[in-house]
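Everything below concerns the one structure shown next.
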Number of protein chains: 2
Amino acid sequence: MQFFSFWRSLASFRVRIALNIKGLSPEVISVDLMKGEQRNDAYRKVNPQMLLPALVTDEGAVLFQSMAIMEYLDDVHPHPNLLPSEAVARARVRGLSGIVASDAHPLIVPRVRDYLERDLKIDEPVRLRWIHHWLGEGMKAFETNLATSKETGIHCQGDNVTMADICLVSHAVGCNFFKYDLAPFPTVRRIVETCMKEDAFAKAHPLKQPGAPAAV
Amino acid sequence: MQFFSFWRSLASFRVRIALNIKGLSPEVISVDLMKGEQRNDAYRKVNPQMLLPALVTDEGAVLFQSMAIMEYLDDVHPHPNLLPSEAVARARVRGLSGIVASDAHPLIVPRVRDYLERDLKIDEPVRLRWIHHWLGEGMKAFETNLATSKETGIHCQGDNVTMADICLVSHAVGCNFFKYDLAPFPTVRRIVETCMKEDAFAKAHPLKQPGAPAAV
């Protein structure tokens with residue numbers, strides 16, 4: 001298995017956590033987003049969308065989109081599960097995951113920041129306000145759901161790790177990267193801290209990957 | 001079952017197609033995004049994230065995020081399936097769906113267009129260029145995958161309807177709304193035309209819903 005990723009990519013971070021939870025160690029191939037390597041021919045042949053991450057199976061199938069890859073890992077390596085067994089609980093986990101993967105994170109990725117800078121000529125402080133706004137919208141939605149749902153436990157859904165925890169942690173680390181204060185989100189903070197005590201999460205942290213700086 | 005939706009919401013459109021395919025007819029409650037009704041107390045109590053759609057089960061569980069709702073419908077009403085049975089094929093369907101649901105569509109929703117207008121003071125022609133850019137990025141990614149994959153058949157994945165077709169059709173209708181030309185995407189056009197011949201898709205079209213205008 002080959003895992004195309006980059007230390008700073010938050011979507012890659014999600015899949016890295018899932019791989020760790022499943023005990024899988026694919027060959028890791030770094031595609032440096034800061035140098036634009038995702039647009040090089042070598043990676044375009046793997047994923048023409050030029051986005052990270054991508055996972056290539058031993059049979060040569062190229063999987064893309066972090067949520068789809070995590071669902072695949074759960075389909076093929078079901079223990080430990082990243083989704084609960086009951087349908088409404090599964091829907092909640094996927095819905096919470098979507099707050100990050102389909103609402104908040106798509107608005108702060110490099111290609112969007114580049115468009116704001118190059119095409120719309122938005123200067124750096126206003127771009128940072130944009131980033132903080134959408135990071136915050138995601139965190140507010142997540143916190144409100146977690147703090148008001150009886151389903152919330154040690155983790156987002158009950159007491160076991162699910163995809164929702166993985167997505168939440170990736171978003172929290174994104175907040176740290178951009179110095180967005182998590183103080184107003186106590187349930188989020190509690191769950192993120194709990195997750196980060198687990199090896200599968202801690203070892204997947206962006207700043208612990210080869211090529212990463214000591215801090216951002 | 002109650003389905004909170006709006007005729008113009010493309011994420012609601014996706015779930016409406018899935019409900020039709022499954023032969024389900026929930027009570028439909030319109031939340032007028034153009035009047036900002038999603039921010040009213042009545043809907044905030046249903047979905048604090050104030051986004052559409054939401055599906056409330058007969059047991060009172062509130063499901064949110066279009067992908068999570070479609071996965072739930074497929075979990076609970078598996079026939080006909082919206083996902084293939086084989087893991088790599090499922091991953092491709094979810095990955096293609098994510099091109100729309102997690103990459104392209106989040107960038108053109110009302111709250112983002114509002115932020116561009118009100119906070120960044122971007123004028124209408126430049127906002128339309130933004131919308132066309134991200135509609136196009138999604139379509140280019142989709143077309144490239146469809147046109148180069150042996151898995152593509154009558155539909156996105158083989159010859160049966162999947163979530164990928166639903167997401168593709170919703171994105172194509174979004175392109176129509178914003179007058180984005182689909183001529184450069186022949187495989188996309190072929191599959192969208194095939195889908196729209198089916199009742200489940202045709203009857204779900206935004207402009208066929210109560211309250212919709214004759215054209216946009």
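By order of appearance in the structure tokens: chains A, B, ..., then residues from 1 within every chain, and ligands from 1 in the order shown.
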
Quick one: which chain B residues come within 6 Å of chain A, and what is the nearest atom pair for each with the distance in Å to one decimal, counting only C-alpha atoms, rows ordered by chain and ascending number, as JSON lines?
{"residue": "B:Gln49", "atom": "CA", "partner": "A:Ala141", "partner_atom": "CA", "distance": 5.3}
{"residue": "B:Phe64", "atom": "CA", "partner": "A:Gly95", "partner_atom": "CA", "distance": 5.6}
{"residue": "B:Gln65", "atom": "CA", "partner": "A:Gly95", "partner_atom": "CA", "distance": 5.2}
{"residue": "B:Ala68", "atom": "CA", "partner": "A:Arg94", "partner_atom": "CA", "distance": 5.1}
{"residue": "B:Tyr72", "atom": "CA", "partner": "A:Ala91", "partner_atom": "CA", "distance": 5.7}
{"residue": "B:Ala91", "atom": "CA", "partner": "A:Ala68", "partner_atom": "CA", "distance": 5.2}
{"residue": "B:Arg94", "atom": "CA", "partner": "A:Ala68", "partner_atom": "CA", "distance": 5.1}
{"residue": "B:Gly95", "atom": "CA", "partner": "A:Gln65", "partner_atom": "CA", "distance": 5.2}
{"residue": "B:Ala101", "atom": "CA", "partner": "A:Ser102", "partner_atom": "CA", "distance": 5.9}
{"residue": "B:Ser102", "atom": "CA", "partner": "A:Ser102", "partner_atom": "CA", "distance": 4.1}
{"residue": "B:Asp103", "atom": "CA", "partner": "A:Pro106", "partner_atom": "CA", "distance": 5.8}
{"residue": "B:Pro106", "atom": "CA", "partner": "A:Asp103", "partner_atom": "CA", "distance": 5.8}
{"residue": "B:Ala141", "atom": "CA", "partner": "A:Gln49", "partner_atom": "CA", "distance": 5.3}

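When DSSP is run on the backbone, the residues of chain B that fall into strand (DSSP E) are B:Gln2, B:Phe3, B:Phe4, B:Ser5, B:Glu27, B:Val28, B:Ile29, B:Ser30, B:Ala54, B:Leu55, B:Val56, B:Val62, B:Leu63, B:Phe64.
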
Limited to C-alpha atoms, could you put the picked residues into a file as a PDB file, in the first residue's frame?
ATOM      1  CA  GLN B   2     -39.796  14.928   8.244  1.00  0.00           C
ATOM      2  CA  PHE B   3     -37.530  16.356   5.573  1.00  0.00           C
ATOM      3  CA  PHE B   4     -36.419  19.956   6.098  1.00  0.00           C
ATOM      4  CA  SER B   5     -35.320  21.286   2.744  1.00  0.00           C
ATOM      5  CA  GLU B  27     -43.387  15.173   5.210  1.00  0.00           C
ATOM      6  CA  VAL B  28     -41.532  18.001   3.447  1.00  0.00           C
ATOM      7  CA  ILE B  29     -40.961  21.213   5.402  1.00  0.00           C
ATOM      8  CA  SER B  30     -39.622  24.124   3.388  1.00  0.00           C
ATOM      9  CA  ALA B  54     -32.114  17.767   7.859  1.00  0.00           C
ATOM     10  CA  LEU B  55     -34.082  14.540   8.128  1.00  0.00           C
ATOM     11  CA  VAL B  56     -36.005  13.746  11.313  1.00  0.00           C
ATOM     12  CA  VAL B  62     -32.276  14.549  13.712  1.00  0.00           C
ATOM     13  CA  LEU B  63     -29.928  13.643  10.864  1.00  0.00           C
ATOM     14  CA  PHE B  64     -27.859  16.288   9.108  1.00  0.00           C
TER      15      PHE B  64
END

- Task: Could you check which of B:Pro186, B:Arg113, B:Phe178, B:Leu83 is closest to Gly158 of chain B, using only C-alpha atoms?
- Result: B:Leu83

- Message: Which residues are close to segment 206-214 of chain B, i.e. within 9 Å by only C-alpha atoms, leaving aside same-chain residues fewer than 4 positions away? Reply as a list of chain:residue names.
- Response: B:Phe6, B:Trp7, B:Arg8, B:Ser9, B:Leu10, B:Ser12, B:Phe13, B:Ser30, B:Val173, B:Ala202

- Item | DSSP helix (DSSP H, G or I) residues within segment 13-189 of chain B, listed as JSON, numbers by chain | {"B": [13, 14, 15, 16, 17, 18, 19, 20, 21, 22, 33, 34, 35, 37, 38, 39, 41, 42, 43, 44, 45, 46, 66, 67, 68, 69, 70, 71, 72, 73, 74, 75, 76, 87, 88, 89, 90, 91, 92, 93, 94, 95, 96, 97, 98, 99, 100, 101, 102, 103, 104, 105, 106, 107, 110, 111, 112, 113, 114, 115, 116, 117, 118, 124, 125, 126, 127, 128, 129, 130, 131, 132, 133, 134, 135, 136, 137, 138, 139, 140, 141, 142, 143, 144, 145, 146, 147, 148, 163, 164, 165, 166, 167, 168, 169, 170, 171, 172, 173, 174, 175, 176, 177, 186, 187, 188, 189]}

Based on the selection just made, write C-alpha atoms of those residues as an mmCIF file, in the first residue's frame.
data_model
loop_
_atom_site.group_PDB
_atom_site.id
_atom_site.type_symbol
_atom_site.label_atom_id
_atom_site.label_comp_id
_atom_site.auth_asym_id
_atom_site.auth_seq_id
_atom_site.Cartn_x
_atom_site.Cartn_y
_atom_site.Cartn_z
ATOM 1 C CA PHE B 13 -31.794 17.966 -3.971
ATOM 2 C CA ARG B 14 -29.356 15.087 -3.409
ATOM 3 C CA VAL B 15 -31.342 13.709 -0.491
ATOM 4 C CA ARG B 16 -34.614 14.191 -2.402
ATOM 5 C CA ILE B 17 -33.285 11.982 -5.213
ATOM 6 C CA ALA B 18 -32.196 9.333 -2.682
ATOM 7 C CA LEU B 19 -35.628 9.403 -0.997
ATOM 8 C CA ASN B 20 -37.305 8.960 -4.392
ATOM 9 C CA ILE B 21 -35.025 6.040 -5.295
ATOM 10 C CA LYS B 22 -35.885 4.376 -1.977
ATOM 11 C CA LEU B 33 -32.886 30.097 2.451
ATOM 12 C CA MET B 34 -33.572 33.251 0.447
ATOM 13 C CA LYS B 35 -35.523 34.730 3.385
ATOM 14 C CA GLU B 37 -35.489 31.139 7.561
ATOM 15 C CA GLN B 38 -32.674 28.713 8.394
ATOM 16 C CA ARG B 39 -31.632 31.200 11.095
ATOM 17 C CA ASP B 41 -35.554 29.716 16.128
ATOM 18 C CA ALA B 42 -37.897 27.061 14.721
ATOM 19 C CA TYR B 43 -35.208 25.595 12.474
ATOM 20 C CA ARG B 44 -32.295 26.272 14.847
ATOM 21 C CA LYS B 45 -33.984 23.895 17.279
ATOM 22 C CA VAL B 46 -33.919 21.201 14.599
ATOM 23 C CA SER B 66 -26.542 15.243 2.872
ATOM 24 C CA MET B 67 -23.890 12.513 2.583
ATOM 25 C CA ALA B 68 -24.610 11.222 6.099
ATOM 26 C CA ILE B 69 -28.346 11.184 5.383
ATOM 27 C CA MET B 70 -27.880 9.266 2.127
ATOM 28 C CA GLU B 71 -25.625 6.751 3.870
ATOM 29 C CA TYR B 72 -28.307 6.364 6.570
ATOM 30 C CA LEU B 73 -31.039 5.774 3.987
ATOM 31 C CA ASP B 74 -28.806 3.146 2.385
ATOM 32 C CA ASP B 75 -28.144 1.507 5.764
ATOM 33 C CA VAL B 76 -31.835 1.322 6.704
ATOM 34 C CA ALA B 87 -14.977 -2.126 -1.159
ATOM 35 C CA VAL B 88 -12.831 -0.469 -3.854
ATOM 36 C CA ALA B 89 -15.931 0.367 -5.898
ATOM 37 C CA ARG B 90 -17.578 1.833 -2.775
ATOM 38 C CA ALA B 91 -14.464 3.937 -2.188
ATOM 39 C CA ARG B 92 -14.586 5.246 -5.763
ATOM 40 C CA VAL B 93 -18.270 6.166 -5.419
ATOM 41 C CA ARG B 94 -17.628 7.930 -2.119
ATOM 42 C CA GLY B 95 -14.523 9.626 -3.546
ATOM 43 C CA LEU B 96 -16.410 10.923 -6.586
ATOM 44 C CA SER B 97 -19.225 12.080 -4.300
ATOM 45 C CA GLY B 98 -16.653 13.903 -2.187
ATOM 46 C CA ILE B 99 -15.425 15.888 -5.218
ATOM 47 C CA VAL B 100 -18.825 17.579 -5.102
ATOM 48 C CA ALA B 101 -19.805 17.365 -1.439
ATOM 49 C CA SER B 102 -16.396 18.074 0.133
ATOM 50 C CA ASP B 103 -14.492 20.073 -2.481
ATOM 51 C CA ALA B 104 -16.599 22.041 -4.927
ATOM 52 C CA HIS B 105 -20.060 22.644 -3.488
ATOM 53 C CA PRO B 106 -18.957 24.007 -0.062
ATOM 54 C CA LEU B 107 -17.341 26.935 -1.882
ATOM 55 C CA PRO B 110 -25.176 30.966 0.187
ATOM 56 C CA ARG B 111 -23.202 31.623 3.393
ATOM 57 C CA VAL B 112 -19.935 31.764 1.409
ATOM 58 C CA ARG B 113 -21.430 34.005 -1.298
ATOM 59 C CA ASP B 114 -22.775 36.248 1.501
ATOM 60 C CA TYR B 115 -19.350 36.460 3.142
ATOM 61 C CA LEU B 116 -17.717 37.399 -0.174
ATOM 62 C CA GLU B 117 -20.324 40.132 -0.695
ATOM 63 C CA ARG B 118 -20.737 41.570 2.807
ATOM 64 C CA GLU B 124 -21.205 40.576 -8.387
ATOM 65 C CA PRO B 125 -19.152 39.838 -11.545
ATOM 66 C CA VAL B 126 -16.157 38.761 -9.448
ATOM 67 C CA ARG B 127 -18.396 36.642 -7.196
ATOM 68 C CA LEU B 128 -19.745 34.939 -10.316
ATOM 69 C CA ARG B 129 -16.153 34.291 -11.466
ATOM 70 C CA TRP B 130 -15.484 32.660 -8.058
ATOM 71 C CA ILE B 131 -18.565 30.480 -8.430
ATOM 72 C CA HIS B 132 -17.645 29.458 -11.990
ATOM 73 C CA HIS B 133 -14.072 28.702 -10.953
ATOM 74 C CA TRP B 134 -15.093 26.209 -8.251
ATOM 75 C CA LEU B 135 -17.962 24.722 -10.236
ATOM 76 C CA GLY B 136 -15.404 24.149 -12.986
ATOM 77 C CA GLU B 137 -12.742 22.634 -10.715
ATOM 78 C CA GLY B 138 -15.314 20.080 -9.553
ATOM 79 C CA MET B 139 -16.477 19.285 -13.075
ATOM 80 C CA LYS B 140 -12.915 18.970 -14.418
ATOM 81 C CA ALA B 141 -12.028 16.513 -11.647
ATOM 82 C CA PHE B 142 -15.213 14.525 -12.201
ATOM 83 C CA GLU B 143 -14.869 14.405 -16.009
ATOM 84 C CA THR B 144 -11.198 13.378 -15.840
ATOM 85 C CA ASN B 145 -11.997 10.503 -13.516
ATOM 86 C CA LEU B 146 -15.075 9.365 -15.456
ATOM 87 C CA ALA B 147 -13.381 9.603 -18.861
ATOM 88 C CA THR B 148 -10.265 7.669 -17.821
ATOM 89 C CA MET B 163 -24.454 8.329 -4.698
ATOM 90 C CA ALA B 164 -21.850 9.516 -7.212
ATOM 91 C CA ASP B 165 -24.565 10.014 -9.860
ATOM 92 C CA ILE B 166 -26.708 11.864 -7.335
ATOM 93 C CA CYS B 167 -23.859 14.204 -6.392
ATOM 94 C CA LEU B 168 -22.892 14.712 -10.042
ATOM 95 C CA VAL B 169 -26.462 15.606 -11.039
ATOM 96 C CA SER B 170 -26.769 18.090 -8.158
ATOM 97 C CA HIS B 171 -23.531 19.741 -9.288
ATOM 98 C CA ALA B 172 -24.659 19.851 -12.926
ATOM 99 C CA VAL B 173 -27.906 21.564 -11.917
ATOM 100 C CA GLY B 174 -25.820 24.034 -9.894
ATOM 101 C CA CYS B 175 -23.845 24.729 -13.083
ATOM 102 C CA ASN B 176 -27.134 25.374 -14.911
ATOM 103 C CA PHE B 177 -28.296 27.772 -12.191
ATOM 104 C CA PRO B 186 -18.986 15.044 -22.445
ATOM 105 C CA THR B 187 -18.957 12.074 -20.048
ATOM 106 C CA VAL B 188 -20.535 14.167 -17.320
ATOM 107 C CA ARG B 189 -23.223 15.358 -19.741
#

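The space separating atom CA of Pro78 of chain A from atom CA of Gly60 of chain A comes to 21.0 Å.
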
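Among the candidate residues B:Ala183, B:Ala215, B:Val161, B:Ala204, the one lying nearest to Leu82 of chain B is B:Val161, with distances computed using only C-alpha atoms.
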